[in-house]
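*Asks:* Sharing work_22.cif here; it has mmCIF, C-alpha atoms.
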```cif
data_target
loop_
_atom_site.label_atom_id
_atom_site.label_comp_id
_atom_site.auth_asym_id
_atom_site.auth_seq_id
_atom_site.Cartn_x
_atom_site.Cartn_y
_atom_site.Cartn_z
CA MET A 1 0.00 0.00 0.00
CA GLU A 2 1.30 3.44 -0.97
CA ARG A 3 2.04 5.92 1.79
CA ILE A 4 1.82 9.68 2.27
CA PHE A 5 4.83 11.36 3.88
CA ALA A 6 4.63 14.61 5.82
CA THR A 7 7.58 16.58 7.14
CA TYR A 8 7.19 18.69 10.27
CA LEU A 9 9.32 21.15 12.19
CA ILE A 10 8.62 20.47 15.87
CA GLU A 11 9.58 21.79 19.27
CA THR A 12 8.91 19.78 22.43
CA PRO A 13 9.85 19.74 26.12
CA LEU A 14 9.79 15.91 25.93
CA ALA A 15 12.06 13.41 24.31
CA VAL A 16 11.60 13.94 20.57
CA GLU A 17 10.89 10.26 19.97
CA LYS A 18 8.07 10.28 22.52
CA ALA A 19 6.47 13.44 21.10
CA ALA A 20 6.70 12.15 17.52
CA ALA A 21 5.08 8.86 18.54
CA ALA A 22 2.22 10.79 20.16
CA LEU A 23 1.62 12.67 16.89
CA ALA A 24 1.59 9.47 14.85
CA GLY A 25 -0.82 7.81 17.27
CA GLU A 26 -3.21 10.76 17.53
CA GLN A 27 -3.42 11.11 13.76
CA SER A 28 -4.09 7.43 12.99
CA SER A 29 -5.28 4.48 15.06
CA GLY A 30 -4.22 5.53 18.55
CA THR A 31 -5.61 7.48 21.47
CA PHE A 32 -4.26 8.47 24.90
CA VAL A 33 -4.95 5.00 26.30
CA ALA A 34 -5.13 1.48 24.86
CA VAL A 35 -8.68 0.58 23.76
CA PRO A 36 -10.37 -2.72 22.84
CA GLY A 37 -10.02 -3.54 19.17
CA GLU A 38 -6.69 -1.79 18.72
CA THR A 39 -4.88 -5.01 17.90
CA GLU A 40 -1.30 -5.34 16.79
CA GLU A 41 -2.60 -6.43 13.38
CA LEU A 42 -4.72 -3.28 13.07
CA LYS A 43 -1.85 -1.03 14.13
CA GLN A 44 0.52 -2.75 11.71
CA ARG A 45 -1.85 -1.99 8.85
CA PHE A 46 -3.26 1.44 9.72
CA ALA A 47 -0.99 3.18 12.23
CA ALA A 48 1.08 6.15 11.16
CA ARG A 49 4.84 5.61 11.31
CA VAL A 50 7.60 7.93 12.39
CA GLU A 51 10.00 7.49 9.49
CA LYS A 52 12.82 9.85 10.39
CA ILE A 53 13.94 12.19 13.17
CA THR A 54 16.58 14.86 12.60
CA PRO A 55 17.50 16.67 15.83
CA LEU A 56 18.04 20.42 15.58
CA GLU A 57 18.87 23.05 18.20
CA THR A 58 17.83 23.14 21.86
CA VAL A 59 16.31 26.35 23.25
CA THR A 60 15.36 27.57 26.72
CA GLU A 61 12.17 29.45 25.80
CA PRO A 62 9.16 27.79 24.11
CA GLY A 63 8.07 28.89 20.68
CA LEU A 64 4.45 29.05 21.81
CA PRO A 65 3.33 30.44 25.20
CA GLY A 66 1.99 28.37 28.06
CA PHE A 67 4.51 25.53 28.08
CA ARG A 68 6.74 24.38 30.89
CA SER A 69 9.75 22.11 30.68
CA PRO A 70 10.94 20.19 33.76
CA GLY A 71 14.49 20.51 32.51
CA GLY A 72 14.08 24.08 31.30
CA LYS A 73 14.87 23.09 27.72
CA PHE A 74 12.93 22.57 24.50
CA GLN A 75 14.25 20.36 21.72
CA ARG A 76 13.62 21.20 18.09
CA ALA A 77 13.71 18.60 15.34
CA GLU A 78 12.52 17.78 11.87
CA ILE A 79 10.40 14.65 11.74
CA VAL A 80 8.89 12.68 8.87
CA VAL A 81 5.64 10.78 9.50
CA SER A 82 3.86 8.53 7.01
CA TRP A 83 0.35 7.12 6.62
CA PRO A 84 -1.01 4.43 4.33
CA VAL A 85 -3.27 5.85 1.61
CA GLU A 86 -5.79 3.26 2.79
CA ASN A 87 -6.44 5.42 5.86
CA MET A 88 -8.08 8.28 3.94
CA GLY A 89 -8.41 7.12 0.37
CA TRP A 90 -8.26 9.88 -2.22
CA ASN A 91 -10.26 12.34 -0.15
CA LEU A 92 -8.79 15.83 0.03
CA PRO A 93 -10.57 17.09 3.19
CA VAL A 94 -9.69 13.89 5.06
CA LEU A 95 -6.10 14.10 3.83
CA VAL A 96 -5.91 17.61 5.26
CA SER A 97 -7.48 16.46 8.54
CA THR A 98 -4.86 13.71 8.74
CA ILE A 99 -1.75 15.79 8.15
CA GLN A 100 -3.07 19.05 9.67
CA GLY A 101 -5.74 18.12 12.17
CA ASN A 102 -5.62 17.76 15.96
CA LEU A 103 -1.85 17.50 15.98
CA TYR A 104 -1.60 21.28 16.46
CA GLU A 105 -3.42 20.92 19.77
CA LEU A 106 -1.25 18.18 21.24
CA ALA A 107 0.21 19.15 24.60
CA GLN A 108 3.46 17.41 23.71
CA PHE A 109 4.45 20.26 21.38
CA SER A 110 5.46 23.84 22.05
CA GLY A 111 5.81 24.34 18.30
CA LEU A 112 4.73 22.41 15.21
CA LYS A 113 4.69 23.34 11.53
CA LEU A 114 3.91 21.27 8.42
CA MET A 115 6.84 21.87 6.09
CA ASP A 116 6.07 19.60 3.13
CA VAL A 117 4.01 16.64 2.01
CA GLU A 118 4.90 13.91 -0.47
CA LEU A 119 1.98 12.33 -2.33
CA PRO A 120 2.18 8.96 -4.08
CA PRO A 121 1.63 8.62 -7.85
CA SER A 122 -1.84 7.11 -7.48
CA PHE A 123 -3.13 10.57 -6.56
CA ALA A 124 -2.58 11.56 -10.19
CA GLY A 125 -5.36 9.20 -11.18
CA HIS A 126 -7.85 10.77 -8.77
CA PHE A 127 -7.00 14.47 -8.91
CA ARG A 128 -6.72 16.19 -12.26
CA GLY A 129 -4.99 19.18 -10.72
CA PRO A 130 -4.75 22.49 -12.62
CA LYS A 131 -6.82 22.37 -15.83
CA PHE A 132 -4.91 25.30 -17.35
CA GLY A 133 -1.77 25.90 -15.29
CA ILE A 134 1.05 27.93 -16.81
CA ALA A 135 0.66 26.73 -20.39
CA GLY A 136 -3.10 27.24 -20.42
CA CYS A 137 -2.94 30.72 -18.92
CA ARG A 138 -0.34 31.69 -21.51
CA ARG A 139 -2.58 30.34 -24.25
CA LEU A 140 -5.62 32.25 -23.00
CA THR A 141 -3.72 35.54 -22.75
CA GLN A 142 -1.49 35.01 -25.82
CA VAL A 143 1.62 35.84 -23.78
CA GLU A 144 4.88 33.99 -24.39
CA ASN A 145 8.49 34.46 -23.27
CA ARG A 146 7.71 37.03 -20.59
CA PRO A 147 5.61 37.27 -17.42
CA LEU A 148 1.93 38.02 -17.63
CA ILE A 149 1.48 41.62 -16.48
CA GLY A 150 -1.52 42.18 -14.26
CA THR A 151 -3.23 44.59 -11.92
CA ILE A 152 -6.04 44.84 -9.39
CA ILE A 153 -8.97 47.20 -9.68
CA LYS A 154 -8.31 50.06 -7.27
CA PRO A 155 -9.93 51.57 -5.29
CA SER A 156 -10.85 48.09 -4.14
CA ILE A 157 -14.24 49.22 -2.83
CA GLY A 158 -16.46 52.04 -4.04
CA LEU A 159 -16.27 52.12 -7.83
CA THR A 160 -19.50 51.68 -9.76
CA THR A 161 -19.68 49.06 -12.49
CA GLN A 162 -19.42 51.83 -15.10
CA GLN A 163 -16.31 53.28 -13.44
CA THR A 164 -14.78 49.82 -13.26
CA ALA A 165 -15.46 49.23 -16.97
CA ALA A 166 -13.91 52.58 -17.90
CA LEU A 167 -10.74 51.70 -16.00
CA VAL A 168 -10.67 48.25 -17.62
CA LYS A 169 -10.89 49.89 -21.03
CA THR A 170 -7.87 52.09 -20.26
CA LEU A 171 -5.86 49.12 -19.04
CA ALA A 172 -6.80 46.89 -21.97
CA GLU A 173 -5.83 49.55 -24.48
CA ALA A 174 -2.49 49.94 -22.65
CA GLY A 175 -1.70 46.27 -23.25
CA ILE A 176 -2.46 44.70 -19.86
CA ASP A 177 -2.68 40.90 -19.83
CA PHE A 178 -4.62 40.28 -16.61
CA ILE A 179 -6.96 42.20 -14.32
CA LYS A 180 -8.72 40.99 -11.20
CA ASP A 181 -11.28 42.05 -8.67
CA ASP A 182 -9.89 42.81 -5.25
CA GLU A 183 -10.58 40.03 -2.76
CA LEU A 184 -12.81 42.50 -0.86
CA MET A 185 -15.06 42.91 -3.89
CA GLY A 186 -17.80 40.28 -4.09
CA ASN A 187 -21.42 41.09 -4.88
CA PRO A 188 -22.06 44.41 -3.09
CA PRO A 189 -24.99 46.78 -3.76
CA HIS A 190 -22.76 49.45 -5.33
CA SER A 191 -21.27 46.93 -7.82
CA PRO A 192 -23.61 43.93 -8.26
CA PHE A 193 -21.79 40.90 -9.61
CA ASP A 194 -23.88 40.30 -12.73
CA GLU A 195 -23.85 43.97 -13.64
CA ARG A 196 -20.07 44.16 -13.14
CA VAL A 197 -19.53 41.13 -15.38
CA ASP A 198 -21.75 42.62 -18.09
CA SER A 199 -19.96 45.98 -17.98
CA VAL A 200 -16.43 44.57 -17.91
CA MET A 201 -16.95 41.83 -20.50
CA HIS A 202 -18.64 44.29 -22.89
CA VAL A 203 -15.34 46.21 -22.88
CA LEU A 204 -13.08 43.14 -23.06
CA ASN A 205 -15.09 41.36 -25.75
CA ALA A 206 -15.07 44.50 -27.90
CA HIS A 207 -11.33 44.86 -27.34
CA ALA A 208 -10.79 41.23 -28.34
CA ASP A 209 -12.86 41.72 -31.49
CA ARG A 210 -10.65 44.68 -32.48
CA THR A 211 -7.26 43.25 -31.53
CA GLY A 212 -7.59 39.48 -31.31
CA LYS A 213 -6.34 39.55 -27.69
CA LYS A 214 -8.72 38.89 -24.80
CA VAL A 215 -7.54 40.27 -21.49
CA MET A 216 -7.99 37.77 -18.67
CA TYR A 217 -10.23 39.21 -15.95
CA ALA A 218 -10.54 37.19 -12.73
CA PHE A 219 -13.96 37.96 -11.27
CA ASN A 220 -14.18 37.23 -7.54
CA ILE A 221 -16.83 34.52 -7.26
CA SER A 222 -16.10 33.70 -3.60
CA ASP A 223 -19.42 33.05 -1.90
CA GLU A 224 -21.56 30.19 -0.66
CA LEU A 225 -21.38 27.23 -3.04
CA ASP A 226 -24.64 27.73 -4.95
CA ALA A 227 -23.87 31.41 -5.45
CA MET A 228 -20.31 30.61 -6.57
CA GLN A 229 -21.65 28.25 -9.22
CA ARG A 230 -24.13 30.87 -10.44
CA HIS A 231 -21.36 33.48 -10.63
CA TYR A 232 -19.09 31.02 -12.43
CA GLU A 233 -21.76 30.28 -15.04
CA LYS A 234 -22.35 34.00 -15.55
CA VAL A 235 -18.66 34.54 -16.34
CA VAL A 236 -18.62 31.61 -18.78
CA GLN A 237 -21.78 32.78 -20.56
CA SER A 238 -20.35 36.29 -20.85
CA GLY A 239 -17.16 35.13 -22.57
CA GLY A 240 -14.83 35.44 -19.58
CA THR A 241 -11.77 33.25 -19.14
CA SER A 242 -11.07 33.38 -15.40
CA ALA A 243 -12.55 33.46 -11.91
CA MET A 244 -10.95 34.21 -8.56
CA ILE A 245 -11.50 32.29 -5.34
CA SER A 246 -10.39 33.33 -1.85
CA LEU A 247 -8.99 29.91 -1.01
CA ASN A 248 -8.92 30.07 2.77
CA SER A 249 -12.48 31.42 2.82
CA VAL A 250 -14.19 28.85 0.60
CA GLY A 251 -12.14 25.81 1.66
CA PHE A 252 -10.83 22.78 -0.20
CA ALA A 253 -14.18 21.17 -1.01
CA GLY A 254 -15.64 24.45 -2.32
CA ALA A 255 -12.56 25.24 -4.39
CA LYS A 256 -12.37 21.74 -5.87
CA LYS A 257 -16.05 21.82 -6.83
CA ILE A 258 -15.47 25.02 -8.79
CA CYS A 259 -12.14 23.91 -10.30
CA ASP A 260 -13.71 20.65 -11.48
CA LEU A 261 -16.11 22.61 -13.72
CA GLY A 262 -13.08 23.15 -15.95
CA ALA A 263 -14.18 26.06 -18.15
CA LEU A 264 -12.28 28.91 -16.46
CA ALA A 265 -8.73 29.40 -15.25
CA ILE A 266 -8.95 29.65 -11.46
CA HIS A 267 -6.99 32.40 -9.73
CA GLY A 268 -6.28 31.32 -6.15
CA HIS A 269 -6.00 34.20 -3.69
CA ARG A 270 -4.43 33.17 -0.39
CA ASN A 271 -5.66 36.09 1.77
CA GLY A 272 -5.37 34.98 5.38
CA TRP A 273 -2.01 33.37 4.63
CA GLY A 274 -0.30 35.08 7.57
CA MET A 275 -2.71 33.39 9.97
CA LEU A 276 -1.43 30.03 8.70
CA ASN A 277 2.25 30.77 8.28
CA ARG A 278 3.55 33.88 10.01
CA HIS A 279 4.65 32.18 13.23
CA PRO A 280 7.88 30.25 12.56
CA LEU A 281 6.75 27.31 14.72
CA LEU A 282 3.06 27.05 13.89
CA GLY A 283 0.97 26.35 10.81
CA ILE A 284 2.08 25.34 7.34
CA GLU A 285 4.89 26.25 4.95
CA PHE A 286 4.09 27.19 1.37
CA PRO A 287 5.57 24.08 -0.34
CA ALA A 288 2.96 21.95 1.43
CA TYR A 289 0.19 24.55 1.13
CA GLN A 290 0.43 24.95 -2.65
CA LYS A 291 0.45 21.18 -3.20
CA LEU A 292 -2.91 20.83 -1.49
CA TRP A 293 -4.46 23.60 -3.59
CA ARG A 294 -2.98 22.10 -6.75
CA LEU A 295 -4.80 18.88 -5.89
CA ALA A 296 -7.99 20.94 -5.73
CA GLY A 297 -7.23 22.24 -9.24
CA VAL A 298 -6.21 25.87 -8.80
CA ASP A 299 -4.31 27.28 -11.81
CA GLN A 300 -2.71 30.38 -10.25
CA ILE A 301 -1.72 31.13 -6.66
CA HIS A 302 -0.29 34.13 -4.81
CA VAL A 303 3.30 33.99 -3.56
CA ASN A 304 3.93 37.61 -2.43
CA GLY A 305 6.88 39.35 -4.09
CA ILE A 306 10.43 40.59 -3.71
CA ALA A 307 10.60 43.51 -1.23
CA ASN A 308 6.86 43.10 -0.65
CA LYS A 309 4.75 45.28 1.62
CA PHE A 310 4.08 42.41 4.03
CA TRP A 311 6.27 40.49 6.48
CA GLU A 312 7.43 37.65 4.23
CA SER A 313 11.13 37.48 3.41
CA ASP A 314 12.55 37.47 -0.11
CA ASP A 315 14.03 34.01 0.51
CA SER A 316 10.59 32.67 1.35
CA VAL A 317 9.10 34.22 -1.80
CA VAL A 318 11.83 32.67 -3.96
CA ARG A 319 11.22 29.25 -2.40
CA SER A 320 7.48 29.64 -3.02
CA ILE A 321 7.98 30.44 -6.69
CA ALA A 322 10.25 27.43 -7.10
CA ALA A 323 7.68 25.17 -5.39
CA CYS A 324 4.95 26.21 -7.84
CA LEU A 325 7.15 25.36 -10.82
CA GLN A 326 7.89 21.80 -9.70
CA PRO A 327 5.69 18.92 -10.97
CA LEU A 328 3.50 17.50 -8.24
CA PHE A 329 3.81 13.86 -9.35
CA ASP A 330 6.42 11.74 -11.09
CA LEU A 331 4.72 10.69 -14.33
CA SER A 332 7.96 9.81 -16.11
CA GLY A 333 7.39 6.07 -16.11
CA ALA A 334 10.12 5.52 -13.53
CA PRO A 335 9.49 2.96 -10.78
CA GLY A 336 6.68 4.19 -8.58
CA ALA A 337 5.31 6.60 -11.18
CA ALA A 338 1.69 6.65 -12.25
CA PRO A 339 0.85 3.92 -14.75
CA ALA A 340 0.65 4.76 -18.44
CA ARG A 341 -3.13 4.56 -18.46
CA LEU A 342 -3.24 7.50 -16.04
CA GLN A 343 -0.83 9.52 -18.14
CA ASN A 344 -2.87 8.85 -21.26
CA HIS A 345 -6.07 9.82 -19.45
CA ALA A 346 -4.44 13.08 -18.37
CA GLN A 347 -3.36 13.90 -21.91
CA LEU A 348 -6.85 13.23 -23.27
CA ALA A 349 -8.33 15.48 -20.59
CA GLY A 350 -6.16 18.37 -21.75
CA ALA A 351 -4.22 18.63 -18.49
CA VAL A 352 -1.32 16.84 -16.88
CA PRO A 353 -2.10 15.91 -13.27
CA GLY A 354 0.03 17.97 -10.92
CA ALA A 355 1.31 20.26 -13.69
CA PRO A 356 3.17 23.40 -12.55
CA ILE A 357 0.96 26.22 -11.32
CA LEU A 358 1.37 29.90 -12.22
CA PRO A 359 2.97 31.87 -9.34
CA VAL A 360 1.29 35.24 -8.78
CA VAL A 361 3.85 37.81 -7.65
CA SER A 362 2.07 40.61 -5.80
CA SER A 363 1.94 42.84 -2.71
CA GLY A 364 3.64 46.19 -3.05
CA GLN A 365 5.14 45.46 -6.45
CA TRP A 366 6.24 47.96 -9.08
CA GLY A 367 8.48 47.59 -12.10
CA GLY A 368 11.77 48.11 -10.29
CA GLN A 369 11.46 44.81 -8.39
CA ALA A 370 11.44 42.91 -11.69
CA CYS A 371 15.25 43.01 -11.92
CA GLU A 372 15.81 41.34 -8.56
CA THR A 373 12.90 38.95 -9.09
CA PHE A 374 14.41 37.62 -12.31
CA ARG A 375 17.93 37.53 -10.84
CA ARG A 376 16.72 35.41 -7.92
CA THR A 377 14.36 33.08 -9.84
CA GLN A 378 15.61 33.01 -13.46
CA THR A 379 12.05 32.49 -14.68
CA THR A 380 9.44 34.47 -16.57
CA ASP A 381 6.72 31.92 -15.76
CA LEU A 382 4.98 34.41 -13.49
CA LEU A 383 1.91 36.57 -13.25
CA TYR A 384 3.44 39.85 -12.12
CA MET A 385 0.80 41.92 -10.35
CA ALA A 386 1.08 45.60 -9.50
CA GLY A 387 -1.86 47.52 -8.06
CA GLY A 388 -0.55 50.90 -6.99
CA GLY A 389 2.55 50.24 -9.10
CA ILE A 390 0.37 50.60 -12.19
CA MET A 391 -2.60 52.66 -11.04
CA ALA A 392 -0.49 55.35 -9.31
CA HIS A 393 2.11 55.77 -12.05
CA PRO A 394 2.84 59.51 -12.47
CA HIS A 395 1.65 59.41 -16.09
CA GLY A 396 -1.42 57.28 -15.43
CA PRO A 397 -2.37 53.59 -15.54
CA ALA A 398 -1.56 53.13 -19.23
CA ALA A 399 1.97 54.37 -18.62
CA GLY A 400 2.13 52.08 -15.61
CA VAL A 401 1.46 49.04 -17.80
CA ARG A 402 4.07 50.06 -20.36
CA SER A 403 6.57 50.71 -17.57
CA LEU A 404 6.19 47.18 -16.16
CA GLN A 405 6.67 45.67 -19.60
CA LYS A 406 9.86 47.68 -20.10
CA TRP A 407 11.14 46.82 -16.60
CA TRP A 408 10.74 43.12 -17.32
CA ALA A 409 12.51 43.43 -20.67
CA ALA A 410 15.39 45.09 -18.80
CA ALA A 411 15.33 42.38 -16.12
CA VAL A 412 15.66 39.61 -18.71
CA GLU A 413 18.58 41.52 -20.21
CA GLY A 414 20.27 40.99 -16.84
CA LEU A 415 20.23 44.65 -15.82
CA THR A 416 20.04 45.86 -12.25
CA LEU A 417 17.51 48.50 -11.27
CA GLU A 418 20.14 51.21 -11.51
CA GLN A 419 21.40 49.99 -14.90
CA ALA A 420 17.85 49.73 -16.27
CA ALA A 421 16.97 53.28 -15.24
CA GLN A 422 20.22 54.51 -16.81
CA LYS A 423 19.65 52.67 -20.09
CA TYR A 424 15.94 53.46 -20.37
CA PRO A 425 15.29 57.05 -19.18
CA GLU A 426 11.50 56.55 -19.28
CA LEU A 427 11.85 54.24 -16.27
CA LYS A 428 13.21 57.02 -14.06
CA LYS A 429 9.68 58.32 -13.41
CA SER A 430 8.65 55.11 -11.71
CA VAL A 431 11.90 55.06 -9.70
CA GLU A 432 11.16 58.57 -8.48
CA LYS A 433 7.59 57.57 -7.54
CA PHE A 434 8.02 54.11 -6.11
CA GLY A 435 11.72 53.64 -5.42
CA LYS A 436 11.44 54.41 -1.71
CA GLN A 437 7.88 53.38 -0.90
CA GLY A 438 6.92 50.35 -3.01
CA GLY A 439 3.90 49.94 -5.29
#
```
Take the structure from the file and write it as structure tokens.
*Replies:*
Amino acid sequence: MERIFATYLIETPLAVEKAAAALAGEQSSGTFVAVPGETEELKQRFAARVEKITPLETVTEPGLPGFRSPGGKFQRAEIVVSWPVENMGWNLPVLVSTIQGNLYELAQFSGLKLMDVELPPSFAGHFRGPKFGIAGCRRLTQVENRPLIGTIIKPSIGLTTQQTAALVKTLAEAGIDFIKDDELMGNPPHSPFDERVDSVMHVLNAHADRTGKKVMYAFNISDELDAMQRHYEKVVQSGGTSAMISLNSVGFAGAKKICDLGALAIHGHRNGWGMLNRHPLLGIEFPAYQKLWRLAGVDQIHVNGIANKFWESDDSVVRSIAACLQPLFDLSGAPGAAPARLQNHAQLAGAVPGAPILPVVSSGQWGGQACETFRRTQTTDLLYMAGGGIMAHPHGPAAGVRSLQKWWAAAVEGLTLEQAAQKYPELKKSVEKFGKQGG
């Protein structure tokens, strides 16, 4: 039977082996005391196993408050725990409950964070994953060999549908590739969802008729499930190509239900991410997080950006981008890979299970960060989002779009920010505006 492997960073006042065993027991067949029916045969088949323990540093203060250590010390370690697939089947909510459930509440730990998860090849036969992914989003936007350039409608709240459409027209004519609703914009009285779709798609369909290029607009359909499906169908009927979901708000089952419809590229917004990740010894790291949403079928996901306006470090952002670009499953035909029949099924369905997902670089971005972003990642497989970095450009939003395109051309040339501004004088305006304050 195949197994799922999860890697955790832990901190405990106990012996690491004892704490790890408590986690494995709590999250599989065990409880705090032996019970009738928990035979050795049952445990052999269904119990989680502690596969590896790598001791790390010892500290004198707990990562989380409220813990006491008889010896005054807390041991940190990296542990790997595995479960047989038979425990949860191919059930995404139960998988999440297994690797991220009650373990956070165990008294044996003064810190615990899910760092990564390794899924066996059989998952490729049960989860299609991203329907569009990087290749599909490029096809829909007709963008090759550079990042997709995108923005967010700002102000995020308060514009009428007519004002939104007018701004979309300006951005489309400037050459934008992608626009999205803000995550705070749903179906409010001042901008009803159906009316907003009609107004925006009237502009974008007319632009596509003139130019042959349809700008991707991600309408925020986040809502209760029935309403999300109605909103989704409205976007499809209106000729749209994308919808946005606030992932942490709608949950895995809601997101998968929408992704499985398969007609729109799904933009996954991770608002609330800090609640899950900001503490270094609690929650989940992005490599594990993005794998779970890729199982659900999301095509694009936020990763923050270099020198972003939030707390996340540049190193973390770079690791997140790299994680999105790695295949989720080994479908190469090597030992342990998914059988050929699954690969053929994936090809017929128009998607490769676990295909790379499009990283969305955002949060305080403007053109000048493109140089460092490319230097650190060496990829243009990105959706590069700038809200204020486009909308607040000194010469207006259209100039903001052109500025980002030029900044990325300079980045791919290998220029630094200073060299790019020297070589292309038109970029100096954005340096003057954003160089000290971000986008």
*Asks:* Set the distance at 12 Å and use all atoms listed in the file: which residues neighbour Leu167 of chain A once local chain neighbours fewer than 5 positions away are removed? I'd like the list as a list in words.
*Replies:*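 The residues that qualify are Thr151, Ile152, Ile153, Lys154, Pro155, Leu159, Thr160, Thr161, Gln162, Ala172, Glu173, Ala174, Ile176, Ile179, Lys180, Ser199, Val200, Val203, Leu204, Ile390, Met391, Gly396, Pro397 and Ala398 of chain A.
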*Asks:* In Å, rounded to a single decimal, give me how far atom CA of Thr377 of chain A is from atom CA of Leu264 of chain A.
*Replies:* 27.8 Å
*Asks:* The PyMOL selection byres ((chain A and resi 404-412) around 10) - which residues does that actually catch in the file I just gave you? List them as an MDAnalysis selection string.
*Replies:* chainID A and resid 145:150 175:176 365:375 378:380 384:386 389:390 399:403 413:417 419:421 423:424 426:427 430
*Asks:* Pick out the residues sitting within 10 Å of segment 109-111 of chain A, and hand them over as a compact mmCIF listing (two decimals) with C-alpha atoms, keeping the file's coordinate frame; count all atoms listed in the file, and ignore anything fewer than 5 positions along from it in its own chain.
*Replies:*
```txt
# COMPACT_ATOMS: atom_id res chain seq x y z
CA TYR A 8 7.19 18.69 10.27
CA LEU A 9 9.32 21.15 12.19
CA ILE A 10 8.62 20.47 15.87
CA GLU A 11 9.58 21.79 19.27
CA THR A 12 8.91 19.78 22.43
CA PRO A 13 9.85 19.74 26.12
CA LEU A 14 9.79 15.91 25.93
CA VAL A 16 11.60 13.94 20.57
CA ALA A 19 6.47 13.44 21.10
CA ALA A 20 6.70 12.15 17.52
CA ALA A 22 2.22 10.79 20.16
CA LEU A 23 1.62 12.67 16.89
CA GLU A 61 12.17 29.45 25.80
CA PRO A 62 9.16 27.79 24.11
CA GLY A 63 8.07 28.89 20.68
CA LEU A 64 4.45 29.05 21.81
CA PRO A 65 3.33 30.44 25.20
CA GLY A 66 1.99 28.37 28.06
CA PHE A 67 4.51 25.53 28.08
CA ARG A 68 6.74 24.38 30.89
CA SER A 69 9.75 22.11 30.68
CA PHE A 74 12.93 22.57 24.50
CA GLN A 75 14.25 20.36 21.72
CA ARG A 76 13.62 21.20 18.09
CA LEU A 103 -1.85 17.50 15.98
CA TYR A 104 -1.60 21.28 16.46
CA HIS A 279 4.65 32.18 13.23
CA PRO A 280 7.88 30.25 12.56
CA LEU A 281 6.75 27.31 14.72
CA LEU A 282 3.06 27.05 13.89
CA GLY A 283 0.97 26.35 10.81
```
*Asks:* Report the residues retrieved by the PyMOL selection byres ((chain A and resi 286-289) around 12) from the displayed file, expressed as a PyMOL selection string.
*Replies:* chain A and resi 5-8+96+99-100+113-119+247-248+252+268+270+273-274+276-278+283-285+290-296+298+301-304+312+316-328+359
*Asks:* I'd like the residues picked by the PyMOL selection byres ((chain A and resi 242) around 8) written out as an NGL selection string, using the chain letters and numbers from the file.
*Replies:* :A and (216-219 or 235 or 240-241 or 243-244 or 264-267)
*Asks:* Could you tell me how far atom CA of Gly239 of chain A sits from atom CA of Asn205 of chain A, in Å to one decimal place?
*Replies:*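 Going from atom CA of Asn205 of chain A over to atom CA of Gly239 of chain A covers 7.3 Å.
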*Asks:* Which residue out of A:Cys259, A:Ile4, A:Val361, A:Ala166 has the minimum interatomic distance to Asn308 of chain A when all atoms listed in the file are used?
*Replies:* A:Val361
*Asks:* Nearest residue to Glu183 of chain A out of A:Val94, A:Leu171, A:Val143, A:Ile157, using all atoms listed in the file?
*Replies:*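 Closest candidate: A:Ile157.
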*Asks:* For a test of reading the model, state the distance in Å between atom CA of Thr60 of chain A and atom CA of Asp314 of chain A, rounded to one decimal.
*Replies:*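 Atom-to-atom, atom CA of Thr60 of chain A to atom CA of Asp314 of chain A, that is 28.7 Å.
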*Asks:* Between A:Lys428, A:Pro130, A:Gln237, A:Trp311, which is the closest to Ile258 of chain A once you count all atoms listed in the file?
*Replies:*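 Going through A:Lys428, A:Pro130, A:Gln237, A:Trp311 one by one, the smallest distance to Ile258 of chain A is for A:Pro130.
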*Asks:* How big is the axis-aligned box around the listed atoms of segment 137-148 of chain A once 4 Å is added on each side, and where is its centre? Give both in Å to one decimal, as AutoDock Vina command-line options.
*Replies:*
```
--center_x 1.4 --center_y 34.2 --center_z -21.6 --size_x 22.1 --size_y 15.7 --size_z 16.4
```
*Asks:* Could you check which of A:Pro192, A:Gly305, A:Gly136, A:Pro93 is closest to Gly254 of chain A, using all atoms listed in the file?
*Replies:*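 With all atoms listed in the file as the atom set, the closest residue is A:Pro93.
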*Asks:* Arg45 of chain A: which residues within 9 Å, counting only C-alpha atoms, same-chain residues fewer than 4 positions away excluded, as a PyMOL selection string?
*Replies:* chain A and resi 40-41+84+86
*Asks:* With distances taken over only C-alpha atoms, which residue among A:Gly364, A:Asp260, A:Val236, A:Phe123 lies nearest Phe329 of chain A?
*Replies:*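 Ranking A:Gly364, A:Asp260, A:Val236, A:Phe123 by distance to Phe329 of chain A, first place goes to A:Phe123.
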*Asks:* Residues around (-5.1, -2.1, 1.1), cut-off 12 Å, counting only C-alpha atoms - what are they as number ranges by chain?
*Replies:* A: 1-3, 45-46, 84-89
*Asks:* Restricted to C-alpha atoms, what would the selected residues look like written as a PDB file, keeping the file's coordinate frame?
*Replies:*
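Produced file part35.pdb, reproduced below:
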```pdb
ATOM      1  CA  MET A   1       0.000   0.000   0.000  1.00  0.00           C
ATOM      2  CA  GLU A   2       1.300   3.440  -0.970  1.00  0.00           C
ATOM      3  CA  ARG A   3       2.040   5.920   1.790  1.00  0.00           C
ATOM      4  CA  ARG A  45      -1.850  -1.990   8.850  1.00  0.00           C
ATOM      5  CA  PHE A  46      -3.260   1.440   9.720  1.00  0.00           C
ATOM      6  CA  PRO A  84      -1.010   4.430   4.330  1.00  0.00           C
ATOM      7  CA  VAL A  85      -3.270   5.850   1.610  1.00  0.00           C
ATOM      8  CA  GLU A  86      -5.790   3.260   2.790  1.00  0.00           C
ATOM      9  CA  ASN A  87      -6.440   5.420   5.860  1.00  0.00           C
ATOM     10  CA  MET A  88      -8.080   8.280   3.940  1.00  0.00           C
ATOM     11  CA  GLY A  89      -8.410   7.120   0.370  1.00  0.00           C
TER      12      GLY A  89
END
```
